[in-house]
Amino acid sequence: MINLLYFAWVRERVGIANEEIAMPSDVSTVADLVAWQRDRGEGYAEAFADGDVVRVAVNQEHVEMGHPIQNGDEIAFFPPVTGG
Amino acid sequence: MIRVQAEDFDVGQEIKNMSDGNHAIGGLCSFVGLVREMAGSADIGAMTLEHYPGMTDKALEKIEAEANERWPLESSLIIHRYGRLEPGDQIVLVAAASPHRQASFEACHFLIDFLKTKAPFWKLEDTSEGPKWVDARSSDDAAAARWIKA
C-alpha cells in the first residue's frame, strides 16, 4: 500500500485530503505515479493536468520526478509553497 | 528552535529568550512577516494558512540546521503560524544571533528566503473576488537561489 496526501488546490481538485491505495503495478517513479493519477477521473485529471506545477514529497522530503516509489511510502502532492 | 503554531507570538519576548544569558551574542537580526491588506487589485479580508503537519517541522529543522552550518550562530529561531489570519496579523518570525552582525543579517535573510520556497505552507486568501490560492512567485525562487553555492 502507499499513502497519498493532497494539499491546497490539489486537495480541492482531487476532492479528498488523503487515501491509501495498493501500489499500481506499472509505477516505479514519481513521474509514473503522476501519469497514473491523471487517468483516475475528472478531479485527478484537473489536479495533475500540468505535471510541471504539482510538487511532490516522498516520506516528507521534497523530491524530483525521477525519484523511486516503494510500497509503504507516504507521497504528498501540492502546489508550489507560499508560506512566509 | 522551530515552532509551528496557531497562536500569535511576542517578538520582544522571543528575542529576549534567545539572547538571555548568552553573552557571546553581539548581534541579533530578526524578520517578521505580516498579512498584507492588498493582493494585486483585490482587498483581502483574511487568509488561511494550510500546512503539511509532519513535513513542516522537518523542513524548518533542515533550514535551521543549514543556517547553523553556514554561519557561526549562537542562537536561531523560526516561528510560523497556521490557520486563519487577518490583515496586520503576524505570520512568521525568523531570527539569528551571532557574535557579529554580518552573520546574523545573512543568516536571517537566508532563513526567510529558504523558508518561502521549501516549507510546506499554502496561503488561501479570502478576497473581495472570492477565495484565491496565492501563486508562488518566481522572485521568491530567485531570492532562494542566491544562497545556493556554485
# chains A, B, ... in the order shown; residues from 1 in each chain; ligands from 1
$ residues_around --residues "stretch 15-32 of chain A" --least-positions-apart "4" --cutoff "7 Å" --atoms "only C-alpha atoms" --output "compact mmCIF listing (two decimals) with N, CA and C atoms, in the first residue's frame"
# COMPACT_ATOMS: atom_id res chain seq x y z
N MET A 1 0.84 -1.19 0.00
CA MET A 1 0.00 0.00 0.00
C MET A 1 0.89 1.25 0.00
N ILE A 2 0.36 2.32 -0.60
CA ILE A 2 1.02 3.62 -0.50
C ILE A 2 -0.01 4.62 0.01
N ASN A 3 0.48 5.60 0.78
CA ASN A 3 -0.40 6.59 1.39
C ASN A 3 -0.26 7.91 0.63
N LEU A 4 -1.36 8.37 0.02
CA LEU A 4 -1.30 9.59 -0.78
C LEU A 4 -1.94 10.75 -0.03
N LEU A 5 -1.27 11.90 -0.01
CA LEU A 5 -1.79 13.10 0.66
C LEU A 5 -1.89 14.22 -0.36
N TYR A 6 -2.91 15.06 -0.18
CA TYR A 6 -3.11 16.19 -1.11
C TYR A 6 -3.28 17.48 -0.31
N PHE A 7 -2.69 18.57 -0.81
CA PHE A 7 -2.78 19.85 -0.11
C PHE A 7 -3.21 20.97 -1.05
N ARG A 11 -5.68 19.28 -3.32
CA ARG A 11 -6.69 18.63 -2.49
C ARG A 11 -8.11 18.99 -2.94
N TRP A 36 -0.17 8.12 -13.81
CA TRP A 36 -1.23 7.18 -13.41
C TRP A 36 -2.41 7.95 -12.78
N GLY A 43 -11.48 14.98 -11.48
CA GLY A 43 -10.78 15.79 -10.47
C GLY A 43 -9.28 15.56 -10.52
N MET A 65 10.91 14.34 -10.11
CA MET A 65 10.03 13.39 -10.78
C MET A 65 10.64 11.99 -10.96
N GLY A 66 11.95 11.90 -10.98
CA GLY A 66 12.58 10.60 -11.20
C GLY A 66 12.74 9.77 -9.92
N HIS A 67 12.32 10.34 -8.79
CA HIS A 67 12.50 9.66 -7.50
C HIS A 67 11.73 8.33 -7.48
N PRO A 68 12.34 7.25 -6.97
CA PRO A 68 11.64 5.95 -6.93
C PRO A 68 10.55 5.92 -5.85
N ILE A 69 9.54 5.10 -6.10
CA ILE A 69 8.44 4.93 -5.15
C ILE A 69 8.40 3.47 -4.73
N ASN A 71 6.58 0.43 -1.95
CA ASN A 71 5.46 0.06 -1.10
C ASN A 71 5.69 0.63 0.31
$ closest_atom_pairs --of "chain A" --to "chain B" --cutoff "12 Å" --atoms "only C-alpha atoms" --output "CSV"
residue,atom,partner,partner_atom,distance
A:Leu5,CA,B:Tyr52,CA,9.1
A:Tyr6,CA,B:Tyr52,CA,9.2
A:Phe7,CA,B:Tyr52,CA,7.5
A:Ala8,CA,B:Trp122,CA,6.4
A:Trp9,CA,B:Trp133,CA,7.1
A:Val10,CA,B:Trp133,CA,10.6
A:Arg11,CA,B:Glu50,CA,11.2
A:Glu12,CA,B:Trp133,CA,10.8
A:Ala17,CA,B:Tyr52,CA,10.9
A:Asn18,CA,B:Tyr52,CA,11.7
A:Val53,CA,B:Ala136,CA,10.2
A:Val54,CA,B:Ala136,CA,11.6
A:Arg55,CA,B:Pro120,CA,10.2
A:Val56,CA,B:Pro120,CA,10.6
A:Ala57,CA,B:Met55,CA,8.7
A:Val58,CA,B:Met55,CA,9.9
A:Asn59,CA,B:Met55,CA,8.2
A:Gln60,CA,B:Met55,CA,4.8
A:Glu61,CA,B:Met55,CA,7.2
A:His62,CA,B:Lys118,CA,8.1
A:Val63,CA,B:Lys118,CA,11.4
A:Glu74,CA,B:Met55,CA,10.7
A:Ile75,CA,B:Met55,CA,11.1
A:Ala76,CA,B:Tyr52,CA,8.9
A:Phe77,CA,B:Tyr52,CA,10.5
A:Phe78,CA,B:Pro120,CA,8.5
A:Pro79,CA,B:Trp122,CA,8.0
A:Pro80,CA,B:Ala136,CA,5.8
A:Val81,CA,B:Phe121,CA,5.5
A:Thr82,CA,B:Trp122,CA,4.8
A:Gly83,CA,B:Phe121,CA,4.6
A:Gly84,CA,B:Lys116,CA,5.2
$ select_by_dssp --residues "stretch 7-70 of chain A" --states "strand (DSSP E or B)" --output "list of chain:residue names"
A:Asn18, A:Glu19, A:Glu20, A:Ile21, A:Thr29, A:Arg55, A:Val56, A:Ala57, A:Val58, A:Glu61, A:His62, A:Val63, A:Pro68
$ residues_around --residues "B:Trp71" --least-positions-apart "5" --cutoff "12 Å" --atoms "only C-alpha atoms" --output "MDAnalysis selection string"
chainID B and resid 64:66 76 96:111
$ select_by_dssp --residues "chain B" --states "helix (DSSP H, G or I)" --output "PyMOL selection string"
chain B and resi 11-19+55-70+101-118+138-145
$ write_last_selection --atoms "N, CA and C atoms" --output "short mmCIF file (atom, residue, chain, number, x, y, z; two decimals), in the first residue's frame"
data_model
loop_
_atom_site.label_atom_id
_atom_site.label_comp_id
_atom_site.auth_asym_id
_atom_site.auth_seq_id
_atom_site.Cartn_x
_atom_site.Cartn_y
_atom_site.Cartn_z
N VAL B 11 7.22 39.20 19.69
CA VAL B 11 8.57 39.30 19.11
C VAL B 11 9.59 39.70 20.17
N GLY B 12 9.25 40.69 20.98
CA GLY B 12 10.18 41.17 22.00
C GLY B 12 10.57 40.07 22.96
N GLN B 13 9.57 39.31 23.39
CA GLN B 13 9.83 38.22 24.34
C GLN B 13 10.67 37.12 23.70
N GLU B 14 10.34 36.80 22.45
CA GLU B 14 11.08 35.72 21.76
C GLU B 14 12.56 36.10 21.60
N ILE B 15 12.80 37.36 21.25
CA ILE B 15 14.18 37.81 21.06
C ILE B 15 14.93 37.82 22.40
N LYS B 16 14.24 38.24 23.43
CA LYS B 16 14.84 38.25 24.77
C LYS B 16 15.22 36.82 25.17
N ASN B 17 14.31 35.87 24.88
CA ASN B 17 14.59 34.47 25.24
C ASN B 17 15.83 33.94 24.53
N MET B 18 16.03 34.41 23.29
CA MET B 18 17.19 33.94 22.52
C MET B 18 18.51 34.41 23.10
N SER B 19 18.52 35.64 23.59
CA SER B 19 19.80 36.24 23.99
C SER B 19 20.04 36.21 25.50
N MET B 55 5.73 17.09 7.83
CA MET B 55 6.79 17.57 6.95
C MET B 55 7.23 18.99 7.33
N THR B 56 6.28 19.80 7.81
CA THR B 56 6.62 21.19 8.13
C THR B 56 7.76 21.28 9.12
N ASP B 57 7.65 20.54 10.22
CA ASP B 57 8.70 20.57 11.24
C ASP B 57 10.04 20.14 10.64
N LYS B 58 10.01 19.04 9.89
CA LYS B 58 11.24 18.53 9.29
C LYS B 58 11.88 19.55 8.37
N ALA B 59 11.05 20.19 7.53
CA ALA B 59 11.57 21.16 6.56
C ALA B 59 12.19 22.36 7.28
N LEU B 60 11.52 22.84 8.32
CA LEU B 60 12.04 24.00 9.05
C LEU B 60 13.32 23.63 9.81
N GLU B 61 13.35 22.42 10.38
CA GLU B 61 14.55 21.98 11.09
C GLU B 61 15.75 21.90 10.15
N LYS B 62 15.47 21.44 8.93
CA LYS B 62 16.54 21.31 7.94
C LYS B 62 17.08 22.69 7.55
N ILE B 63 16.18 23.65 7.37
CA ILE B 63 16.59 25.01 7.01
C ILE B 63 17.41 25.63 8.14
N GLU B 64 16.94 25.44 9.35
CA GLU B 64 17.65 25.99 10.51
C GLU B 64 19.03 25.34 10.64
N ALA B 65 19.10 24.02 10.45
CA ALA B 65 20.38 23.31 10.55
C ALA B 65 21.36 23.83 9.50
N GLU B 66 20.84 24.09 8.30
CA GLU B 66 21.73 24.59 7.24
C GLU B 66 22.27 25.98 7.59
N ALA B 67 21.42 26.83 8.15
CA ALA B 67 21.88 28.17 8.57
C ALA B 67 23.00 28.05 9.60
N ASN B 68 22.82 27.10 10.52
CA ASN B 68 23.82 26.92 11.57
C ASN B 68 25.13 26.32 11.05
N GLU B 69 25.04 25.58 9.95
CA GLU B 69 26.26 25.07 9.32
C GLU B 69 27.01 26.19 8.61
N ARG B 70 26.25 27.11 8.02
CA ARG B 70 26.88 28.12 7.17
C ARG B 70 27.36 29.35 7.91
N ARG B 101 27.56 41.15 13.54
CA ARG B 101 26.32 41.47 12.86
C ARG B 101 26.18 40.85 11.47
N GLN B 102 27.29 40.73 10.74
CA GLN B 102 27.15 40.27 9.36
C GLN B 102 26.54 38.87 9.28
N ALA B 103 27.03 37.98 10.14
CA ALA B 103 26.49 36.62 10.14
C ALA B 103 25.02 36.61 10.52
N SER B 104 24.62 37.46 11.46
CA SER B 104 23.21 37.44 11.88
C SER B 104 22.31 38.01 10.78
N PHE B 105 22.77 39.07 10.09
CA PHE B 105 21.99 39.60 8.96
C PHE B 105 21.84 38.54 7.87
N GLU B 106 22.97 37.95 7.48
CA GLU B 106 22.94 36.99 6.36
C GLU B 106 22.12 35.76 6.70
N ALA B 107 22.30 35.23 7.90
CA ALA B 107 21.57 34.02 8.29
C ALA B 107 20.07 34.29 8.36
N CYS B 108 19.69 35.45 8.85
CA CYS B 108 18.28 35.81 8.94
C CYS B 108 17.65 35.87 7.54
N HIS B 109 18.38 36.50 6.64
CA HIS B 109 17.92 36.63 5.25
C HIS B 109 17.79 35.24 4.60
N PHE B 110 18.79 34.41 4.83
CA PHE B 110 18.78 33.03 4.31
C PHE B 110 17.57 32.27 4.85
N LEU B 111 17.32 32.37 6.15
CA LEU B 111 16.22 31.62 6.78
C LEU B 111 14.89 31.95 6.12
N ILE B 112 14.59 33.22 5.91
CA ILE B 112 13.28 33.57 5.35
C ILE B 112 13.23 33.23 3.85
N ASP B 113 14.33 33.42 3.14
CA ASP B 113 14.33 33.09 1.70
C ASP B 113 14.13 31.59 1.48
N PHE B 114 14.80 30.77 2.27
CA PHE B 114 14.66 29.31 2.10
C PHE B 114 13.29 28.85 2.57
N LEU B 115 12.83 29.43 3.68
CA LEU B 115 11.51 29.06 4.20
C LEU B 115 10.44 29.28 3.13
N LYS B 116 10.53 30.40 2.44
CA LYS B 116 9.48 30.75 1.47
C LYS B 116 9.40 29.79 0.29
N THR B 117 10.48 29.09 -0.01
CA THR B 117 10.45 28.19 -1.16
C THR B 117 10.47 26.71 -0.77
N LYS B 118 10.71 26.40 0.51
CA LYS B 118 10.85 24.99 0.89
C LYS B 118 9.88 24.50 1.97
N SER B 138 8.08 33.75 -8.85
CA SER B 138 9.41 33.38 -9.35
C SER B 138 10.49 34.20 -8.64
N SER B 139 10.11 35.41 -8.16
CA SER B 139 11.10 36.23 -7.46
C SER B 139 11.52 35.57 -6.14
N ASP B 140 10.62 34.75 -5.55
CA ASP B 140 10.99 34.01 -4.33
C ASP B 140 11.99 32.92 -4.65
N ASP B 141 11.80 32.23 -5.79
CA ASP B 141 12.77 31.21 -6.21
C ASP B 141 14.13 31.85 -6.45
N ALA B 142 14.10 33.02 -7.09
CA ALA B 142 15.36 33.72 -7.39
C ALA B 142 16.06 34.13 -6.10
N ALA B 143 15.26 34.59 -5.11
CA ALA B 143 15.83 35.01 -3.83
C ALA B 143 16.50 33.83 -3.13
N ALA B 144 15.85 32.66 -3.17
CA ALA B 144 16.43 31.47 -2.52
C ALA B 144 17.66 30.99 -3.28
N ALA B 145 17.61 31.11 -4.61
CA ALA B 145 18.71 30.60 -5.45
C ALA B 145 20.02 31.35 -5.19
#
